[in-house]
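*Asks:* This is the content of structure.cif (mmCIF, C-alpha atoms):
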```
data_start
#
loop_
_atom_site.label_atom_id
_atom_site.label_comp_id
_atom_site.auth_asym_id
_atom_site.auth_seq_id
_atom_site.Cartn_x
_atom_site.Cartn_y
_atom_site.Cartn_z
CA MET A 227 -147.97 -139.03 -74.20
CA THR A 228 -150.00 -141.03 -76.69
CA PRO A 229 -149.10 -144.63 -77.63
CA ASP A 230 -148.02 -143.44 -81.09
CA GLU A 231 -145.68 -140.85 -79.55
CA LEU A 232 -144.18 -143.46 -77.23
CA LYS A 233 -143.73 -145.88 -80.13
CA GLU A 234 -141.89 -143.15 -82.06
CA ILE A 235 -139.53 -142.52 -79.13
CA ALA A 236 -138.80 -146.26 -78.87
CA SER A 237 -138.23 -146.53 -82.62
CA GLN A 238 -135.82 -143.59 -82.63
CA LEU A 239 -133.86 -144.93 -79.65
CA LYS A 240 -133.42 -148.27 -81.38
CA ASN A 241 -132.50 -146.86 -84.79
CA PRO A 242 -132.33 -143.05 -85.16
CA HIS A 243 -133.68 -142.00 -88.54
CA GLY A 244 -135.39 -139.24 -90.45
CA GLU A 245 -135.86 -135.65 -89.31
CA LYS A 246 -136.00 -136.52 -85.61
CA GLY A 247 -133.00 -138.84 -85.78
CA ARG A 248 -130.27 -136.21 -85.47
CA GLU A 249 -131.89 -134.71 -82.39
CA THR A 250 -132.34 -138.18 -80.91
CA GLY A 251 -128.66 -138.93 -81.51
CA ARG A 252 -127.59 -135.71 -79.80
CA LEU A 253 -129.86 -136.32 -76.82
CA MET A 254 -128.66 -139.90 -76.44
CA HIS A 255 -125.07 -138.69 -76.41
CA GLU A 256 -125.79 -136.12 -73.71
CA THR A 257 -127.97 -138.38 -71.57
CA ASN A 258 -125.70 -141.43 -71.77
CA ILE A 259 -122.24 -139.85 -71.61
CA ALA A 260 -121.58 -140.98 -68.02
CA MET A 261 -122.47 -144.55 -69.01
CA THR A 262 -120.21 -144.35 -72.05
CA TYR A 263 -117.25 -143.01 -70.06
CA HIS A 264 -117.81 -145.73 -67.47
CA ALA A 265 -117.68 -148.43 -70.13
CA ILE A 266 -114.53 -146.90 -71.64
CA ASP A 267 -112.74 -146.40 -68.32
CA MET A 268 -113.29 -150.04 -67.30
CA LEU A 269 -111.53 -151.32 -70.44
CA ASN A 270 -108.02 -150.55 -69.14
CA PHE A 271 -106.53 -149.90 -72.57
CA ARG A 272 -103.00 -150.82 -73.51
CA ARG A 273 -100.93 -148.99 -76.07
CA GLY A 274 -101.89 -150.02 -79.59
CA ASP A 275 -105.19 -151.69 -78.66
CA LYS A 276 -107.71 -152.20 -81.44
CA ILE A 277 -111.20 -151.33 -80.19
CA LEU A 278 -114.68 -152.12 -81.46
CA GLU A 279 -117.84 -150.32 -80.38
CA LEU A 280 -121.31 -151.59 -81.24
CA GLY A 281 -123.94 -148.85 -81.48
CA HIS A 282 -121.69 -145.78 -81.52
CA GLY A 283 -124.45 -143.19 -82.16
CA ILE A 284 -122.97 -139.78 -83.04
CA CYS A 285 -119.74 -140.91 -81.30
CA GLY A 286 -119.07 -137.62 -79.56
CA HIS A 287 -116.97 -139.57 -77.06
CA LEU A 288 -114.24 -140.63 -79.50
CA GLU A 289 -111.75 -137.92 -78.51
CA TYR A 290 -112.10 -139.01 -74.88
CA LEU A 291 -111.56 -142.67 -75.81
CA LEU A 292 -108.52 -142.07 -77.99
CA GLY A 293 -106.98 -139.94 -75.26
CA ARG A 294 -106.95 -142.82 -72.78
CA GLN A 295 -103.83 -144.39 -74.28
CA GLU A 296 -101.38 -143.95 -77.15
CA GLY A 297 -101.80 -145.69 -80.47
CA LEU A 298 -105.43 -146.79 -80.10
CA ALA A 299 -107.38 -147.74 -83.22
CA TYR A 300 -111.18 -147.48 -83.14
CA GLN A 301 -113.81 -149.23 -85.23
CA GLY A 302 -117.48 -148.27 -84.83
CA LEU A 303 -120.48 -150.30 -85.96
CA ASP A 304 -124.09 -149.14 -85.95
CA ILE A 305 -127.38 -150.29 -87.46
CA SER A 306 -128.39 -146.66 -88.12
CA VAL A 307 -127.29 -145.19 -91.45
CA LEU A 308 -127.98 -141.72 -90.05
CA MET A 309 -125.77 -142.28 -86.99
CA ASN A 310 -123.03 -143.67 -89.22
CA ASP A 311 -123.14 -140.50 -91.32
CA GLU A 312 -123.24 -138.20 -88.27
CA ALA A 313 -120.32 -139.98 -86.58
CA LYS A 314 -118.23 -139.64 -89.74
CA LYS A 315 -118.92 -135.91 -89.89
CA ILE A 316 -118.11 -135.31 -86.23
CA ASN A 317 -114.96 -137.43 -86.27
CA LYS A 318 -113.53 -136.67 -89.71
CA THR A 319 -110.21 -135.56 -88.18
CA PHE A 320 -109.68 -138.95 -86.55
CA ILE A 321 -110.74 -140.73 -89.73
CA LYS A 322 -108.19 -138.76 -91.76
CA LYS A 323 -105.50 -139.76 -89.24
CA ASN A 324 -106.49 -143.43 -89.68
CA GLN A 325 -107.40 -143.62 -86.00
CA ALA A 326 -111.08 -144.40 -86.59
CA GLU A 327 -113.44 -146.10 -89.04
CA PHE A 328 -117.24 -146.37 -89.03
CA SER A 329 -119.35 -149.05 -90.70
CA ILE A 330 -122.94 -150.32 -90.85
CA TYR A 331 -123.96 -153.80 -89.69
CA ASP A 332 -127.19 -155.74 -89.34
CA GLY A 333 -127.17 -156.08 -85.55
CA ILE A 334 -126.49 -159.82 -85.74
CA HIS A 335 -123.38 -160.52 -87.82
CA ILE A 336 -120.12 -158.69 -87.12
CA PRO A 337 -118.27 -158.19 -90.42
CA PHE A 338 -114.72 -158.81 -89.17
CA PRO A 339 -112.37 -161.83 -88.92
CA ASN A 340 -111.83 -163.98 -85.84
CA ASN A 341 -109.62 -162.59 -83.07
CA CYS A 342 -109.59 -159.07 -84.51
CA PHE A 343 -110.09 -156.74 -81.51
CA ASP A 344 -108.38 -156.31 -78.14
CA LYS A 345 -111.35 -154.56 -76.50
CA ILE A 346 -115.04 -154.29 -77.35
CA PHE A 347 -117.77 -152.25 -75.72
CA THR A 348 -121.41 -151.32 -76.18
CA VAL A 349 -123.68 -148.95 -74.27
CA ASN A 350 -127.49 -149.10 -74.15
CA THR A 351 -127.84 -151.45 -77.11
CA VAL A 352 -128.50 -154.81 -75.46
CA TYR A 353 -132.22 -154.00 -75.04
CA PHE A 354 -132.59 -154.15 -78.82
CA TRP A 355 -130.56 -157.26 -79.66
CA SER A 356 -132.87 -159.44 -81.74
CA GLU A 357 -130.70 -162.53 -81.21
CA PRO A 358 -128.77 -161.87 -77.97
CA ALA A 359 -126.93 -165.18 -77.65
CA SER A 360 -125.97 -165.19 -81.34
CA LEU A 361 -124.64 -161.65 -81.22
CA LEU A 362 -122.71 -162.25 -78.00
CA ASN A 363 -121.11 -165.32 -79.58
CA GLU A 364 -120.21 -163.16 -82.58
CA ILE A 365 -118.57 -160.72 -80.18
CA TYR A 366 -116.69 -163.66 -78.65
CA ARG A 367 -115.51 -164.70 -82.09
CA VAL A 368 -114.01 -161.32 -83.03
CA VAL A 369 -112.34 -160.45 -79.71
CA LYS A 370 -108.82 -161.75 -79.16
CA ALA A 371 -108.03 -164.40 -76.55
CA GLY A 372 -107.62 -162.59 -73.25
CA GLY A 373 -109.59 -159.62 -74.58
CA THR A 374 -112.25 -157.73 -72.64
CA VAL A 375 -115.84 -156.91 -73.59
CA ASN A 376 -117.86 -154.32 -71.63
CA ILE A 377 -121.65 -154.30 -71.88
CA THR A 378 -123.24 -151.27 -70.19
CA PHE A 379 -126.99 -151.05 -69.59
CA ALA A 380 -129.53 -149.36 -67.34
CA ASP A 381 -130.99 -151.71 -64.73
CA SER A 382 -134.46 -153.09 -65.39
CA ARG A 383 -135.78 -151.51 -62.18
CA PHE A 384 -135.10 -148.08 -63.67
CA MET A 385 -136.16 -148.97 -67.19
CA GLU A 386 -139.52 -150.33 -66.04
CA GLN A 387 -140.50 -146.78 -65.01
CA LEU A 388 -140.21 -145.50 -68.59
CA PRO A 389 -143.47 -145.65 -70.56
CA PHE A 390 -141.90 -146.33 -73.97
CA ILE A 391 -140.03 -149.52 -72.99
CA ARG A 392 -143.12 -151.65 -73.73
CA TYR A 393 -142.41 -151.08 -77.43
CA GLY A 394 -139.53 -153.34 -78.40
CA PHE A 395 -137.24 -153.28 -75.34
CA THR A 396 -135.83 -156.35 -73.57
CA LEU A 397 -134.75 -155.35 -70.06
CA TYR A 398 -131.71 -156.61 -68.15
CA ASP A 399 -130.32 -156.76 -64.65
CA ILE A 400 -127.06 -158.39 -63.58
CA GLY A 401 -128.72 -161.77 -63.10
CA LYS A 402 -130.22 -161.80 -66.59
CA MET A 403 -126.91 -160.67 -68.09
CA GLU A 404 -125.16 -163.53 -66.30
CA LYS A 405 -127.63 -165.97 -67.85
CA LEU A 406 -126.96 -164.50 -71.29
CA ALA A 407 -123.20 -164.72 -70.80
CA ALA A 408 -123.59 -168.35 -69.74
CA LYS A 409 -124.72 -169.12 -73.30
CA THR A 410 -121.21 -168.23 -74.48
CA PRO A 411 -117.66 -169.30 -73.48
CA PHE A 412 -117.04 -165.87 -71.91
CA ASP A 413 -115.95 -165.50 -68.29
CA ILE A 414 -117.57 -162.70 -66.26
CA VAL A 415 -114.71 -160.85 -64.57
CA ALA A 416 -116.48 -157.77 -63.14
CA ALA A 417 -119.87 -156.11 -62.70
CA ASN A 418 -119.81 -152.50 -61.56
CA SER A 419 -122.99 -150.49 -60.87
CA VAL A 420 -123.48 -146.72 -60.56
CA ILE A 421 -126.48 -144.52 -59.66
CA GLU A 422 -126.81 -141.10 -61.32
CA LYS A 423 -129.45 -138.38 -61.74
CA VAL A 424 -130.79 -138.14 -65.30
CA LYS A 425 -133.55 -136.45 -67.24
CA THR A 426 -135.53 -139.07 -69.13
CA LYS A 427 -136.70 -138.77 -72.75
CA THR A 428 -140.10 -137.71 -71.38
CA GLY A 429 -138.57 -134.89 -69.27
CA GLN A 430 -138.61 -136.45 -65.79
CA MET A 431 -135.64 -136.31 -63.38
CA MET A 432 -134.92 -139.78 -62.01
CA ASP A 433 -132.21 -141.85 -60.33
CA ARG A 434 -130.76 -144.21 -62.91
CA GLU A 435 -128.82 -147.26 -61.90
CA PHE A 436 -126.60 -148.62 -64.63
CA THR A 437 -124.15 -151.48 -64.75
CA THR A 438 -121.09 -152.35 -66.77
CA VAL A 439 -120.55 -156.09 -67.00
CA SER A 440 -117.03 -157.03 -68.08
CA LEU A 441 -116.54 -160.29 -69.96
CA GLN A 442 -113.23 -161.89 -70.86
CA LYS A 443 -112.35 -164.37 -73.56
CA PRO A 444 -110.12 -167.03 -71.96
CA VAL A 445 -106.47 -166.83 -72.90
CA ASP A 446 -106.58 -170.43 -74.15
CA ALA A 447 -109.91 -169.92 -75.94
CA LYS A 448 -110.86 -171.84 -79.04
CA ASN A 449 -112.51 -169.99 -81.90
CA ILE A 450 -116.21 -170.13 -82.64
CA ASP A 451 -116.55 -170.67 -86.36
CA ARG A 452 -118.33 -167.90 -88.22
CA HIS A 453 -121.77 -168.91 -89.43
#
```
I need this file expressed as structure tokens, please.

*Replies:*
Amino acid sequence: MTPDELKEIASQLKNPHGEKGRETGRLMHETNIAMTYHAIDMLNFRRGDKILELGHGICGHLEYLLGRQEGLAYQGLDISVLMNDEAKKINKTFIKKNQAEFSIYDGIHIPFPNNCFDKIFTVNTVYFWSEPASLLNEIYRVVKAGGTVNITFADSRFMEQLPFIRYGFTLYDIGKMEKLAAKTPFDIVAANSVIEKVKTKTGQMMDREFTTVSLQKPVDAKNIDRH
């Protein structure tokens, strides 16, 4: 593939848009569904939990999430206007039932009050965080004391084999994620890795190792003031 083609793939993965955006969103959902389910399953929902997802894409996994426990309320945030629109179309039944809402954000500031969510998760977005420590501290601010945050990402050893990652990706392994978490008051409570067979965006079949790192806001946590 040419450099321009690889740049286009990277751009679409970061922020699906235009004619190719819908197809990118669908492919991301299909390719990443095991990662998404893994992140969801490790949250151990309780009845009535309020959940935030950063980077929801088309959100074809919402029915699965809401079926994990009774009385869950879901809030999705994405930087992509197209993905926001697609998620609303796909999940209009849950929106009508007041079980789900979708909003746009800038990828840095989370537009919700302190201590708002019981559980937060994000899948395959950390590579694109422009201000990782700032965003993770924002996540800390909006999760309740004792709440859990799951960050799921493909290991850098896998990602380094993909030709488009040179265009705007920051790669992570568990060690680098631990260093990022250390810039916040979060406690790391678990790190669970899985290897699966996947077809890459360039059509290759590869073993992908991915990890879900679980962070917890201490029960006696003090708030970080919004800035």

*Asks:* Taking all atoms listed in the file into account, which of A:Ile259, A:Ile346, A:Leu298, A:Met431 comes nearest Gln387 in chain A?

*Replies:*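 Smallest separation from Gln387 in chain A among the options: A:Met431.
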
*Asks:* Counting all atoms listed in the file, find residues at most 8 Å from (-121.8, -139.4, -85.9) (file frame) and give them as a ChimeraX atom specification.

*Replies:* /A:282-286,308-317

*Asks:* Written as a ChimeraX atom specification, which residues does the PyMOL selection byres ((chain A and resi 352) around 10) give for the file shown?

*Replies:* /A:280-281,348-351,353-358,361-362,377-380,395-398,403

*Asks:* Work out how far apart CA of Asn324 in chain A and CA of Arg252 in chain A are and give it in Å to one decimal.

*Replies:*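 If I compute the distance from CA of Asn324 in chain A to CA of Arg252 in chain A, I get 24.5 Å.
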
*Asks:* Compare A:Leu253, A:Ala260, A:Ala326, A:Val369 by their minimum atom-to-atom distance to Ala447 in chain A, counting all atoms listed in the file, and give me the closest one.

*Replies:*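 Residue with the minimum atom-to-atom distance to Ala447 in chain A: A:Val369.
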
*Asks:* How many Å separate CA of Leu388 in chain A from CA of Thr257 in chain A?

*Replies:* 14.5 Å

*Asks:* Once N, CA and C atoms are restored for range 344-368 of chain A, what would the output be as a CSV table (one decimal), in the frame of the given file?

*Replies:*
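Output saved as out_33.csv:
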```
chain,number,residue,atom,x,y,z
A,344,ASP,N,-108.9,-156.1,-79.5
A,344,ASP,CA,-108.4,-156.3,-78.1
A,344,ASP,C,-109.5,-156.0,-77.1
A,345,LYS,N,-110.3,-155.0,-77.4
A,345,LYS,CA,-111.4,-154.6,-76.5
A,345,LYS,C,-112.6,-154.3,-77.3
A,346,ILE,N,-113.7,-154.6,-76.7
A,346,ILE,CA,-115.0,-154.3,-77.4
A,346,ILE,C,-116.0,-153.7,-76.3
A,347,PHE,N,-116.8,-152.7,-76.7
A,347,PHE,CA,-117.8,-152.2,-75.7
A,347,PHE,C,-119.0,-151.8,-76.4
A,348,THR,N,-120.1,-151.8,-75.7
A,348,THR,CA,-121.4,-151.3,-76.2
A,348,THR,C,-122.2,-150.8,-75.0
A,349,VAL,N,-122.9,-149.7,-75.3
A,349,VAL,CA,-123.7,-149.0,-74.3
A,349,VAL,C,-125.1,-148.8,-74.7
A,350,ASN,N,-126.0,-149.3,-73.9
A,350,ASN,CA,-127.5,-149.1,-74.2
A,350,ASN,C,-127.9,-149.7,-75.5
A,351,THR,N,-127.4,-150.8,-75.9
A,351,THR,CA,-127.8,-151.4,-77.1
A,351,THR,C,-128.5,-152.8,-76.8
A,352,VAL,N,-128.1,-153.4,-75.7
A,352,VAL,CA,-128.5,-154.8,-75.5
A,352,VAL,C,-130.0,-155.0,-75.4
A,353,TYR,N,-130.8,-153.9,-75.1
A,353,TYR,CA,-132.2,-154.0,-75.0
A,353,TYR,C,-132.8,-154.3,-76.4
A,354,PHE,N,-132.1,-154.0,-77.5
A,354,PHE,CA,-132.6,-154.2,-78.8
A,354,PHE,C,-132.0,-155.3,-79.6
A,355,TRP,N,-131.2,-156.1,-79.0
A,355,TRP,CA,-130.6,-157.3,-79.7
A,355,TRP,C,-131.6,-158.3,-80.0
A,356,SER,N,-131.8,-158.5,-81.3
A,356,SER,CA,-132.9,-159.4,-81.7
A,356,SER,C,-132.5,-160.9,-81.5
A,357,GLU,N,-131.2,-161.2,-81.5
A,357,GLU,CA,-130.7,-162.5,-81.2
A,357,GLU,C,-129.5,-162.4,-80.2
A,358,PRO,N,-129.8,-162.2,-78.9
A,358,PRO,CA,-128.8,-161.9,-78.0
A,358,PRO,C,-127.6,-162.9,-77.9
A,359,ALA,N,-128.0,-164.2,-77.8
A,359,ALA,CA,-126.9,-165.2,-77.6
A,359,ALA,C,-126.1,-165.2,-78.9
A,360,SER,N,-126.7,-165.1,-80.1
A,360,SER,CA,-126.0,-165.2,-81.3
A,360,SER,C,-125.0,-164.0,-81.5
A,361,LEU,N,-125.5,-162.8,-81.1
A,361,LEU,CA,-124.6,-161.6,-81.2
A,361,LEU,C,-123.5,-161.7,-80.2
A,362,LEU,N,-123.8,-162.2,-79.0
A,362,LEU,CA,-122.7,-162.2,-78.0
A,362,LEU,C,-121.7,-163.3,-78.4
A,363,ASN,N,-122.1,-164.4,-79.1
A,363,ASN,CA,-121.1,-165.3,-79.6
A,363,ASN,C,-120.3,-164.7,-80.8
A,364,GLU,N,-120.9,-163.9,-81.5
A,364,GLU,CA,-120.2,-163.2,-82.6
A,364,GLU,C,-119.2,-162.3,-82.0
A,365,ILE,N,-119.5,-161.6,-80.9
A,365,ILE,CA,-118.6,-160.7,-80.2
A,365,ILE,C,-117.4,-161.6,-79.7
A,366,TYR,N,-117.7,-162.7,-79.1
A,366,TYR,CA,-116.7,-163.7,-78.6
A,366,TYR,C,-115.7,-164.0,-79.8
A,367,ARG,N,-116.3,-164.3,-80.9
A,367,ARG,CA,-115.5,-164.7,-82.1
A,367,ARG,C,-114.5,-163.6,-82.5
A,368,VAL,N,-114.9,-162.4,-82.5
A,368,VAL,CA,-114.0,-161.3,-83.0
A,368,VAL,C,-113.1,-160.7,-82.0
```
